[in-house]
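**Q** Quick one, run.cif (mmCIF, C-alpha atoms):
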data_target
loop_
_atom_site.group_PDB
_atom_site.id
_atom_site.type_symbol
_atom_site.label_atom_id
_atom_site.label_comp_id
_atom_site.auth_asym_id
_atom_site.auth_seq_id
_atom_site.Cartn_x
_atom_site.Cartn_y
_atom_site.Cartn_z
ATOM 1 C CA MET Y 1036 101.854 101.298 76.178
ATOM 2 C CA ALA Y 1037 105.153 103.004 75.579
ATOM 3 C CA ARG Y 1038 106.417 105.666 77.910
ATOM 4 C CA ARG Y 1039 109.301 108.091 77.683
ATOM 5 C CA ASN Y 1040 111.973 108.780 80.252
ATOM 6 C CA ARG Y 1041 113.632 112.123 80.915
ATOM 7 C CA ASP Y 1042 115.947 111.731 77.935
ATOM 8 C CA ASP Y 1043 113.036 110.990 75.590
ATOM 9 C CA ASP Y 1044 114.337 107.467 74.962
ATOM 10 C CA LEU Y 1045 111.544 105.048 74.083
ATOM 11 C CA LEU Y 1046 111.026 102.470 76.831
ATOM 12 C CA LEU Y 1047 108.771 99.428 76.833
ATOM 13 C CA GLU Y 1048 106.661 98.495 79.798
ATOM 14 C CA GLU Y 1049 106.916 95.029 81.329
ATOM 15 C CA ASP Y 1050 104.053 93.439 79.338
ATOM 16 C CA GLU Y 1051 105.505 94.789 76.090
ATOM 17 C CA LEU Y 1052 108.938 93.363 76.939
ATOM 18 C CA THR Y 1053 107.382 89.980 77.677
ATOM 19 C CA ALA Y 1054 105.466 90.072 74.403
ATOM 20 C CA ALA Y 1055 108.587 91.079 72.497
ATOM 21 C CA PHE Y 1056 110.597 88.144 73.844
ATOM 22 C CA LEU Y 1057 107.747 85.644 73.508
ATOM 23 C CA GLY Y 1058 106.869 86.757 70.013
ATOM 24 C CA ASP Y 1059 103.296 87.846 70.801
ATOM 25 C CA GLU Y 1060 103.188 90.749 68.383
ATOM 26 C CA ALA Y 1061 99.459 91.275 68.848
ATOM 27 C CA THR Y 1062 100.029 92.980 72.196
ATOM 28 C CA LEU Y 1063 102.774 95.266 70.909
ATOM 29 C CA PRO Y 1064 101.836 98.812 69.942
ATOM 30 C CA ALA Y 1065 102.308 99.993 66.392
ATOM 31 C CA GLU Y 1066 105.894 100.987 65.588
ATOM 32 C CA PRO Y 1067 106.320 104.657 66.486
ATOM 33 C CA THR Y 1068 107.548 106.942 63.770
ATOM 34 C CA GLN Y 1069 110.914 108.456 64.589
ATOM 35 C CA PRO Y 1070 111.772 111.992 63.522
ATOM 36 C CA ALA Y 1071 114.777 112.440 61.266
ATOM 37 C CA ALA Y 1072 118.069 112.749 63.071
ATOM 38 C CA ALA Y 1073 118.970 116.290 63.985
ATOM 39 C CA PRO Y 1074 122.277 117.734 62.771
ATOM 40 C CA VAL Y 1075 125.143 117.108 65.153
ATOM 41 C CA ALA Y 1076 126.562 120.285 66.625
ATOM 42 C CA ASP Y 1077 130.329 120.661 66.900
ATOM 43 C CA ASP Y 1078 130.233 120.504 70.697
ATOM 44 C CA GLU Y 1079 128.357 117.163 70.659
ATOM 45 C CA TRP Y 1080 131.196 115.132 69.098
ATOM 46 C CA ASP Y 1081 132.553 112.719 71.678
ATOM 47 C CA GLU Y 1082 136.165 112.633 70.540
ATOM 48 C CA ASP Y 1083 139.374 113.340 72.401
ATOM 49 C CA ASP Y 1084 141.596 115.373 70.089
ATOM 50 C CA SER Y 1085 144.671 114.630 72.222
ATOM 51 C CA VAL Y 1086 144.732 110.925 71.246
ATOM 52 C CA PRO Y 1087 146.245 110.226 67.819
ATOM 53 C CA GLY Y 1088 144.532 107.766 65.507
ATOM 54 C CA GLN Y 1089 146.071 104.334 65.116
ATOM 55 C CA LEU Y 1090 147.362 103.269 61.731
ATOM 56 C CA ALA Y 1091 146.418 99.796 60.443
ATOM 57 C CA VAL Y 1092 149.365 97.769 59.135
ATOM 58 C CA ASP Y 1093 150.153 94.467 57.434
ATOM 59 C CA VAL Y 1094 153.420 92.758 58.408
ATOM 60 C CA TYR Y 1095 154.794 89.795 56.462
ATOM 61 C CA GLU Y 1096 158.092 88.250 55.448
ATOM 62 C CA THR Y 1097 159.728 86.870 52.353
ATOM 63 C CA ARG Y 1098 162.851 84.725 52.320
ATOM 64 C CA GLU Y 1099 165.166 87.762 52.609
ATOM 65 C CA LYS Y 1100 162.948 90.630 53.783
ATOM 66 C CA LEU Y 1101 160.456 91.727 56.416
ATOM 67 C CA VAL Y 1102 157.776 93.993 54.932
ATOM 68 C CA VAL Y 1103 155.398 96.415 56.647
ATOM 69 C CA LYS Y 1104 152.577 97.952 54.615
ATOM 70 C CA ALA Y 1105 150.237 100.704 55.746
ATOM 71 C CA ARG Y 1106 147.388 102.407 53.928
ATOM 72 C CA THR Y 1107 148.213 106.113 54.090
ATOM 73 C CA ALA Y 1108 146.032 107.507 51.311
ATOM 74 C CA GLY Y 1109 145.882 111.277 51.409
ATOM 75 C CA VAL Y 1110 149.092 111.673 53.417
ATOM 76 C CA ASN Y 1111 151.907 113.674 51.872
ATOM 77 C CA LYS Y 1112 155.286 111.949 52.218
ATOM 78 C CA ASN Y 1113 156.602 115.122 53.871
ATOM 79 C CA ASP Y 1114 153.978 114.587 56.621
ATOM 80 C CA LEU Y 1115 155.293 111.075 57.421
ATOM 81 C CA ASP Y 1116 157.887 110.253 60.072
ATOM 82 C CA VAL Y 1117 159.228 106.691 59.986
ATOM 83 C CA SER Y 1118 161.806 105.577 62.553
ATOM 84 C CA ILE Y 1119 163.264 102.407 64.058
ATOM 85 C CA SER Y 1120 164.766 101.913 67.489
ATOM 86 C CA ASP Y 1121 165.442 98.706 69.454
ATOM 87 C CA ASN Y 1122 163.681 96.587 66.804
ATOM 88 C CA GLN Y 1123 160.516 98.708 67.071
ATOM 89 C CA LEU Y 1124 159.128 100.541 64.050
ATOM 90 C CA THR Y 1125 157.249 103.802 64.554
ATOM 91 C CA ILE Y 1126 155.178 105.458 61.840
ATOM 92 C CA ARG Y 1127 153.738 108.912 62.553
ATOM 93 C CA GLY Y 1128 151.967 111.333 60.316
ATOM 94 C CA THR Y 1129 149.226 113.835 59.790
ATOM 95 C CA LEU Y 1130 146.190 113.404 57.592
ATOM 96 C CA SER Y 1131 144.887 116.800 56.567
ATOM 97 C CA SER Y 1132 141.284 117.206 55.483
ATOM 98 C CA GLY Y 1133 142.044 120.480 53.777
ATOM 99 C CA THR Y 1134 139.865 123.445 54.495
ATOM 100 C CA GLU Y 1135 136.099 123.341 54.430
ATOM 101 C CA ASP Y 1136 135.166 127.009 54.517
ATOM 102 C CA GLY Y 1137 131.632 127.765 55.607
ATOM 103 C CA VAL Y 1138 130.806 124.387 57.203
ATOM 104 C CA GLU Y 1139 128.170 124.883 59.880
ATOM 105 C CA ASN Y 1140 127.247 121.278 60.767
ATOM 106 C CA TYR Y 1141 128.408 117.814 59.832
ATOM 107 C CA PHE Y 1142 125.623 115.301 59.311
ATOM 108 C CA LEU Y 1143 128.072 112.407 59.196
ATOM 109 C CA GLN Y 1144 131.823 112.394 59.847
ATOM 110 C CA GLU Y 1145 133.497 108.997 59.558
ATOM 111 C CA CYS Y 1146 136.876 109.913 58.096
ATOM 112 C CA TYR Y 1147 139.714 110.387 60.545
ATOM 113 C CA TRP Y 1148 141.613 113.640 60.111
ATOM 114 C CA GLY Y 1149 144.612 114.600 62.174
ATOM 115 C CA GLU Y 1150 147.649 112.947 63.664
ATOM 116 C CA PHE Y 1151 148.128 109.188 63.625
ATOM 117 C CA SER Y 1152 150.807 106.988 65.093
ATOM 118 C CA ARG Y 1153 151.680 103.304 65.242
ATOM 119 C CA THR Y 1154 154.582 101.544 66.940
ATOM 120 C CA ILE Y 1155 155.068 97.837 66.369
ATOM 121 C CA ALA Y 1156 157.670 95.415 67.637
ATOM 122 C CA LEU Y 1157 159.222 93.771 64.621
ATOM 123 C CA PRO Y 1158 158.749 89.972 64.807
ATOM 124 C CA VAL Y 1159 162.229 89.108 63.497
ATOM 125 C CA PRO Y 1160 165.637 90.803 63.785
ATOM 126 C CA VAL Y 1161 166.325 93.182 60.904
ATOM 127 C CA LYS Y 1162 169.350 94.953 59.472
ATOM 128 C CA GLU Y 1163 168.724 98.576 60.387
ATOM 129 C CA GLU Y 1164 171.104 99.721 57.643
ATOM 130 C CA GLU Y 1165 169.002 97.924 54.973
ATOM 131 C CA ILE Y 1166 165.661 99.729 55.123
ATOM 132 C CA GLU Y 1167 163.663 101.069 52.206
ATOM 133 C CA ALA Y 1168 160.469 103.119 52.604
ATOM 134 C CA VAL Y 1169 158.316 103.882 49.552
ATOM 135 C CA LEU Y 1170 155.014 105.773 49.389
ATOM 136 C CA LYS Y 1171 153.140 104.871 46.222
ATOM 137 C CA ASP Y 1172 149.423 105.120 45.410
ATOM 138 C CA GLY Y 1173 148.522 105.784 49.048
ATOM 139 C CA VAL Y 1174 150.378 102.739 50.399
ATOM 140 C CA LEU Y 1175 153.501 103.072 52.534
ATOM 141 C CA THR Y 1176 155.748 100.025 52.094
ATOM 142 C CA ILE Y 1177 158.737 99.592 54.380
ATOM 143 C CA SER Y 1178 161.147 96.735 53.601
ATOM 144 C CA PHE Y 1179 163.869 95.510 55.936
ATOM 145 C CA GLY Y 1180 166.708 93.129 55.256
ATOM 146 C CA LYS Y 1181 166.408 90.250 57.727
ATOM 147 C CA VAL Y 1182 169.280 89.156 59.932
ATOM 148 C CA GLN Y 1183 170.050 85.579 58.977
ATOM 149 C CA GLN Y 1184 170.144 83.516 62.135
ATOM 150 C CA ASP Y 1185 172.030 80.305 62.502
ATOM 151 C CA THR Y 1186 169.658 77.392 62.251
ATOM 152 C CA VAL Y 1187 170.677 75.580 65.429
ATOM 153 C CA LYS Y 1188 173.679 76.192 67.588
ATOM 154 C CA LYS Y 1189 174.819 73.292 69.737
ATOM 155 C CA ILE Y 1190 175.604 74.337 73.301
ATOM 156 C CA GLN Y 1191 177.940 72.165 75.310
ATOM 157 C CA VAL Y 1192 176.808 71.577 78.863
ATOM 158 C CA LEU Y 1193 179.660 71.765 81.363
#
Show the structure stored in the file as structure tokens.
**A**
Amino acid sequence: MARRNRDDDLLLEEDELTAAFLGDEATLPAEPTQPAAAPVADDEWDEDDSVPGQLAVDVYETREKLVVKARTAGVNKNDLDVSISDNQLTIRGTLSSGTEDGVENYFLQECYWGEFSRTIALPVPVKEEEIEAVLKDGVLTISFGKVQQDTVKKIQVL
């Protein structure tokens, strides 16, 4: 028999657990019918608004350039802040959901809205004076000229 704990979570008794693991379905009770999920109230969301979302990026290189791409669909270029310091690239921005007047409850909320930030250490040295950032079709592409390093430098041991 099934029993319920204080939180109304469905628990199985020991013989039902044994039957479930051993595959003896004859001793299991019929599957209980679950009520439809209740709407989620605003105060039930388990999110910390003080932590910005993290932006996903792709980083790759060509012969002459290092390229960083980030999907920033829905972000206005005026809401983007791109900076470089000590060979670290930082991309910050705000993704606005617009206004939803009259919303009482969300039934599902998967889209991230709000501030996001990402700082990455660039894998190769770049020329900070040769940077191009373009926002097109919801993709931010940042290209850096790479510093050409000598192939091998012989060091004389004294």
**Q** Neighbours of range 1093-1110 of chain Y within 12 Å (all atoms listed in the file; same-chain residues fewer than 5 positions away dropped), as an MDAnalysis selection string?
**A** chainID Y and resid 1115:1117 1122:1133 1146:1163 1165:1184
**Q** Would you work out the distance separating CA of Asp1121 in chain Y from CA of Glu1164 in chain Y, expressed in Å to one decimal?
**A**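 Interatomic distance here is 13.1 Å.
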**Q** Find the smallest box with edges along x, y and z containing every listed atom of range 1096-1103 of chain Y, then add 6 Å on each side and report centre and edge lengths in Å to one decimal, as JSON.
**A**
{"center_x": 160.3, "center_y": 90.6, "center_z": 54.5, "size_x": 21.8, "size_y": 23.7, "size_z": 16.3}
**Q** Please compute the CA of Tyr1141 in chain Y-CA of Asn1113 in chain Y distance, one decimal, in Å.
**A**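 These two atoms are separated by 28.9 Å.
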